[in-house]
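One structure is given below, encoded as C-alpha cells.
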Amino acid sequence: MAQKNNDEQFKNVISHAKEYGFVFQSSEIYDGLSAVYDYGQLGAELKNNIKTYWWKAMVQMHENIVGIDSAIFMHPKVWKASGHVDGFNDPMIDNKDSKKRYRADQLLENKIDELYSELATFGAENKTKFEEFQQEILGLSDEGQAAWIPSFKDETTILDRAKYPFVDETSWRFVKKGLALEVEMNLALKSENLAQLKDLIVDYKVICPISKTSNWTDVRQFNLMFSTQFGAMAEGSDEVYLRPETAQGIFVNFLNVQKSGRMKIPFGIAQIGKAFRNEVIARQFIMRMREFEQMEMQFFVRPGEDKKWFEYWKEARLKWHKALGTSPDKYRYHDHVKLAHYANAATDIEFEFPFGFKEVEGIHSRTDFDLKQHEKFSGKKLQYFDNDLNEEGKPYGNYVPYVIETSIGLDRMFLLTMINAFEEQDLSTEDKQDSRTLLRLHPALAPYKVAVFPLTKKDGLPEKAREIMDTLKFDFNCIYEEKDAIGKRYRRQDAVGTPFCLTVDHQSLEDNTVTIRHRDSMEQERVAIADLAGIIGKATSWKNLLA
Ligand code: GAP
C-alpha cells in the first residue's frame, strides 16, 4: 500500500511538473528523446535558484573557494588520463528473445533485492544483526570475502539458532543466498570478470522482465561517454568526448587558478555545468538522464590532511541540504565499503525518494590521483609550493595536493526539491469539499516570490497593482494576474510555490495598504505598501539559508 502511495505521489509530481511549466520531455512533439528533458519557464527559475544557493554557499561564503566555467569539450587525452576511456563502462547483456538490453549488475542487484526481501520476516532486532554481519563480510579483503561464498551457497548450512532464535529456516536460506550473490557480484565487477557476471545471471536464474526467458547474450562492456567529431586534431584523431563529469575541467585548470588567483592551500575550485553520459538504463524521470548538470567542487589540501577535510565536507554538505528545512530522517549517509582505485574514502548523501533512498551527492577523497595522472599524460608539473612551516620548522615545499571532491547532481536536487515540496491538502469543511495542491518550497528557492492581483479589472486597481509590481520587480521575481476569482488565483500560486500574494482593492487606493496572503498558513493581513519590500525581503533572503 505504502509503495502504491509512493508510486502515485511520484506520478503526481511528474504530471504537476509538466502541467505548471517546470519540466517537459525533450522534443515532445516528436514523441520525446529518451532520458533527455527540458526545463520550462518555472523549472528554469527554480533550477537557477538552486544553483544560486549552491554557488553562494560554496563559493561566495568561502574566501578560499573560487568558481570557474570550463568548456564541455576537452582534449581527448584528458579522458585517457582520468581513466574514463578505459574504465567508464557499464557491463551490458541482451536478452535474445525480447532484444532488450540491461545492465548486468542491475539485473543482479534486482535479484539480490528479491532474495533480501525475506529480511522483512526477520523482525527488527534480527534484521539489524544480519545487516551488521553483512557489513562485516563486505568490509573484508577480496580473499576474505571469497572464502565465505561456499558456506553461504551451501543449502545445508545450519542456521545459527543461538544468534537468530526466531528466524524462519526458508527465509534464512534466501537471505544467505542474497549475501552470496552480493559478494560474488562485487568480486566479479571489481575484477571485470564479464564471463563470471554472465554465469551469475544464469546460475541465479535471472529472467528478462519482458520475454520472461533466460536466453542471454554474453556480457560486454559499454562505454558511457558520448563522442563526436571535432576538426582536424594534431595526432590525426578527430574524436572528442562530451564531458561525463565537470571535475576534469577543474583539475586541468588547477595551476591556472592557483597562480592567477594567488590561492593558498587549502583552497577549492567549484563549477556548475552540463555533463553527458550515455546511460543505458535511463529511468525515474530526471533522476538518471543522458544530459544533466553537476555542481562540483574540488578542494585541494596538504597530503595527510585529506581525512580531516573529508570529514569537514561530509558534514558541511549535509548541513547545506538540511538548511532547506527537510526532515532530517529523509537523509542518510552511505559510506562506500568498496572504494574506487583512486579514492581513500567516499560517501554518498542519500535522500529518501518515493522509490527508496538514492544518491543525490557524492563526497570523495580522491587522493592525488587525478593531478598525478594529468602530470603523467600532459608532461606538465601540477605541483604547489607550500611555504608554510611544518612541525620541524621547515617549509612543506613542493607537492601534488590531495583532493576532496563534493559532487551533486543539480537535476536530482531539483527532483528532490519538487518531491519534498509537493503536498495535496484536503481543506474540506462540514459544508464544503475543498482541496489544494501546494509546493511548499523554501521562499528563497520559489520561482516567484510574490504575485500581485488587482481585486477587479476596473476602478484603477490594475494601475495601482502594476505600480506596486514596478517597484518590487527590481528585487523580486513577481507575477501579475488579473484573470479569474481571487481564490482561483491563490490556488494557482500555491501550486507553483509563490510564498506571497498581494491583493490590491479599493481601500488600497485610499490608504496605500494591501492584503498580503501567506502561502503555507493561507493567513491574510493588511500591510502598508511601503512595508512590502521589507516583509518579502526578510522571508526570501539567502541569509535564512546561509547564516
Ligand atoms: N566527479 C564525480 C562524479 O561525477 P558521480 O557519482 O558519477 O561522481 C555525481 O556523479 C552526481 O551526479 C551524482 O551524485 C548524481 O547526483 C549526479 N548524476 C550522475 N549521473 C547522473 C545522471 N545520469 N543523471 C542525473 N544525475 C546524475
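Naming works like this for the C-alpha cells: A, B, ... for the chains as they're shown, residue 1 at the start of each chain, ligands 1 onward in shown order.
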
Residue neighbourhood range 163-172 of chain A, 10 Å, only C-alpha atoms, exclusion window fewer than 6 positions, as number ranges by chain:
A: 115-123, 125-127, 129-130, 178

Expected answer as a PyMOL selection string: residues within 6 Å of ligand 1, only C-alpha atoms and all ligand atoms:
chain A and resi 245+247+277+287-290+292+294+359-362+407-409+411-412

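Across the structure, CA of Met418 in chain A and CA of Ser327 in chain A are spaced 14.3 Å apart.
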
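Each of A:Leu455, A:Leu324, A:Asn344, A:Leu502 was compared to Tyr53 in chain A using only C-alpha atoms, and A:Leu324 turns out to be the nearest.
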
Taking into account only C-alpha atoms, which residue in the set A:Arg101, A:Lys394, A:His518, A:Lys330 is nearest to Ile419 in chain A?
A:Lys330

Which value, in Å to one decimal, gives the distance between CA of Glu523 in chain A and CA of Tyr490 in chain A?
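According to the coordinates, CA of Glu523 in chain A and CA of Tyr490 in chain A are separated by 11.6 Å.
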
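For Ala147 in chain A, the non-local neighbours within 12 Å, defined as residues at least 6 positions apart in the same chain or in other chains and counting only C-alpha atoms, are Ile137, Leu138, Leu140, Ser141, Lys153, Ala180, Val183, Glu184 and Leu187 of chain A.
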
Please dump the current selection as a tab-separated table (two decimals), in the first residue's frame; keep all heavy atoms.
```tsv
chain	number	residue	atom	x	y	z
A	137	ILE	N	31.15	-8.70	6.50
A	137	ILE	CA	31.63	-9.51	5.36
A	137	ILE	C	32.09	-8.61	4.21
A	137	ILE	O	33.18	-8.78	3.65
A	137	ILE	CB	30.51	-10.46	4.84
A	137	ILE	CG1	30.08	-11.42	5.92
A	137	ILE	CG2	30.94	-11.20	3.58
A	137	ILE	CD1	31.12	-12.41	6.37
A	138	LEU	N	31.27	-7.59	3.90
A	138	LEU	CA	31.60	-6.73	2.76
A	138	LEU	C	32.85	-5.88	3.03
A	138	LEU	O	33.48	-5.39	2.10
A	138	LEU	CB	30.41	-5.82	2.40
A	138	LEU	CG	29.16	-6.57	1.91
A	138	LEU	CD1	28.00	-5.61	1.69
A	138	LEU	CD2	29.44	-7.34	0.62
A	140	LEU	N	35.53	-7.13	4.41
A	140	LEU	CA	36.72	-8.00	4.38
A	140	LEU	C	37.52	-7.81	3.08
A	140	LEU	O	37.01	-7.26	2.11
A	140	LEU	CB	36.30	-9.47	4.45
A	140	LEU	CG	35.66	-9.97	5.75
A	140	LEU	CD1	35.17	-11.41	5.58
A	140	LEU	CD2	36.66	-9.90	6.89
A	141	SER	N	38.73	-8.31	3.07
A	141	SER	CA	39.54	-8.29	1.84
A	141	SER	C	38.83	-9.16	0.80
A	141	SER	O	37.95	-9.96	1.13
A	141	SER	CB	40.92	-8.86	2.12
A	141	SER	OG	40.76	-10.24	2.43
A	153	LYS	N	26.53	-20.40	0.07
A	153	LYS	CA	25.79	-21.05	-1.02
A	153	LYS	C	25.32	-22.44	-0.63
A	153	LYS	O	24.41	-22.99	-1.24
A	153	LYS	CB	26.67	-21.14	-2.28
A	153	LYS	CG	26.82	-19.80	-2.97
A	153	LYS	CD	27.63	-19.90	-4.22
A	153	LYS	CE	26.78	-20.04	-5.45
A	153	LYS	NZ	27.56	-19.82	-6.67
A	180	ALA	N	25.47	-14.19	-0.65
A	180	ALA	CA	26.44	-14.88	-1.52
A	180	ALA	C	26.50	-14.18	-2.87
A	180	ALA	O	27.58	-13.88	-3.39
A	180	ALA	CB	26.04	-16.34	-1.70
A	183	VAL	N	28.21	-10.72	-2.73
A	183	VAL	CA	29.68	-10.84	-2.64
A	183	VAL	C	30.25	-11.26	-4.00
A	183	VAL	O	31.21	-10.68	-4.50
A	183	VAL	CB	30.06	-11.85	-1.53
A	183	VAL	CG1	31.54	-12.18	-1.58
A	183	VAL	CG2	29.69	-11.29	-0.16
A	184	GLU	N	29.62	-12.25	-4.61
A	184	GLU	CA	30.13	-12.76	-5.89
A	184	GLU	C	30.05	-11.67	-6.97
A	184	GLU	O	30.97	-11.51	-7.78
A	184	GLU	CB	29.30	-13.97	-6.35
A	184	GLU	CG	29.60	-15.23	-5.56
A	184	GLU	CD	28.72	-16.39	-6.03
A	184	GLU	OE1	27.51	-16.36	-5.77
A	184	GLU	OE2	29.25	-17.31	-6.66
A	187	LEU	N	32.79	-9.02	-6.43
A	187	LEU	CA	34.13	-9.51	-6.82
A	187	LEU	C	34.26	-9.58	-8.34
A	187	LEU	O	35.29	-9.22	-8.91
A	187	LEU	CB	34.40	-10.88	-6.18
A	187	LEU	CG	34.51	-10.89	-4.65
A	187	LEU	CD1	34.68	-12.31	-4.13
A	187	LEU	CD2	35.65	-10.00	-4.16
```

So that I can see what lies close to Asn12 in chain A, please list as a list in words the residues with an atom at most 10 Å from it, counting only C-alpha atoms and leaving out residues fewer than 3 positions away in the same chain.
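Within the cut-off, the hits are Asn6, Asp7, Glu8, Gln9, Ser15, His16, Ala17, Lys18, Ile419, Phe422, Glu423 and Glu424 of chain A.
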
Include C-alpha atoms and write out the residues we just selected as a PDB file, in the first residue's frame.
```
ATOM      1  CA  ASN A   6       4.704   6.377  -3.224  1.00  0.00           C
ATOM      2  CA  ASP A   7       4.313   5.459  -6.901  1.00  0.00           C
ATOM      3  CA  GLU A   8       1.176   7.551  -7.049  1.00  0.00           C
ATOM      4  CA  GLN A   9       2.881  10.508  -5.385  1.00  0.00           C
ATOM      5  CA  SER A  15       2.496  15.449 -14.077  1.00  0.00           C
ATOM      6  CA  HIS A  16       2.499  18.540 -11.856  1.00  0.00           C
ATOM      7  CA  ALA A  17       5.976  19.427 -13.136  1.00  0.00           C
ATOM      8  CA  LYS A  18       4.645  19.318 -16.685  1.00  0.00           C
ATOM      9  CA  ILE A 419       9.101  15.881  -4.240  1.00  0.00           C
ATOM     10  CA  PHE A 422       4.697  18.732  -3.182  1.00  0.00           C
ATOM     11  CA  GLU A 423       1.647  18.413  -0.982  1.00  0.00           C
ATOM     12  CA  GLU A 424      -2.011  17.702  -1.698  1.00  0.00           C
TER      13      GLU A 424
END
```

Would you pick out the contacts of Asp335 in chain A at 9 Å or less, using only C-alpha atoms, so that residues sharing its chain but fewer than 2 positions from it are not included, and give the list as a PyMOL selection string?
chain A and resi 333+337+345-349

Could you write out the selected residues, including C-alpha atoms, as a compact mmCIF listing (two decimals), in the first residue's frame?
```
# COMPACT_ATOMS: atom_id res chain seq x y z
CA TYR A 333 25.00 8.84 4.51
CA VAL A 337 32.88 -0.03 1.69
CA ALA A 345 37.26 7.45 1.39
CA ALA A 346 33.88 8.06 -0.19
CA THR A 347 30.35 8.60 0.96
CA ASP A 348 27.02 9.33 -0.73
CA ILE A 349 24.39 11.63 0.68
```

What separation in Å, quoted to one decimal, exists between CA of Gly21 in chain A and CA of Leu461 in chain A?
28.4 Å
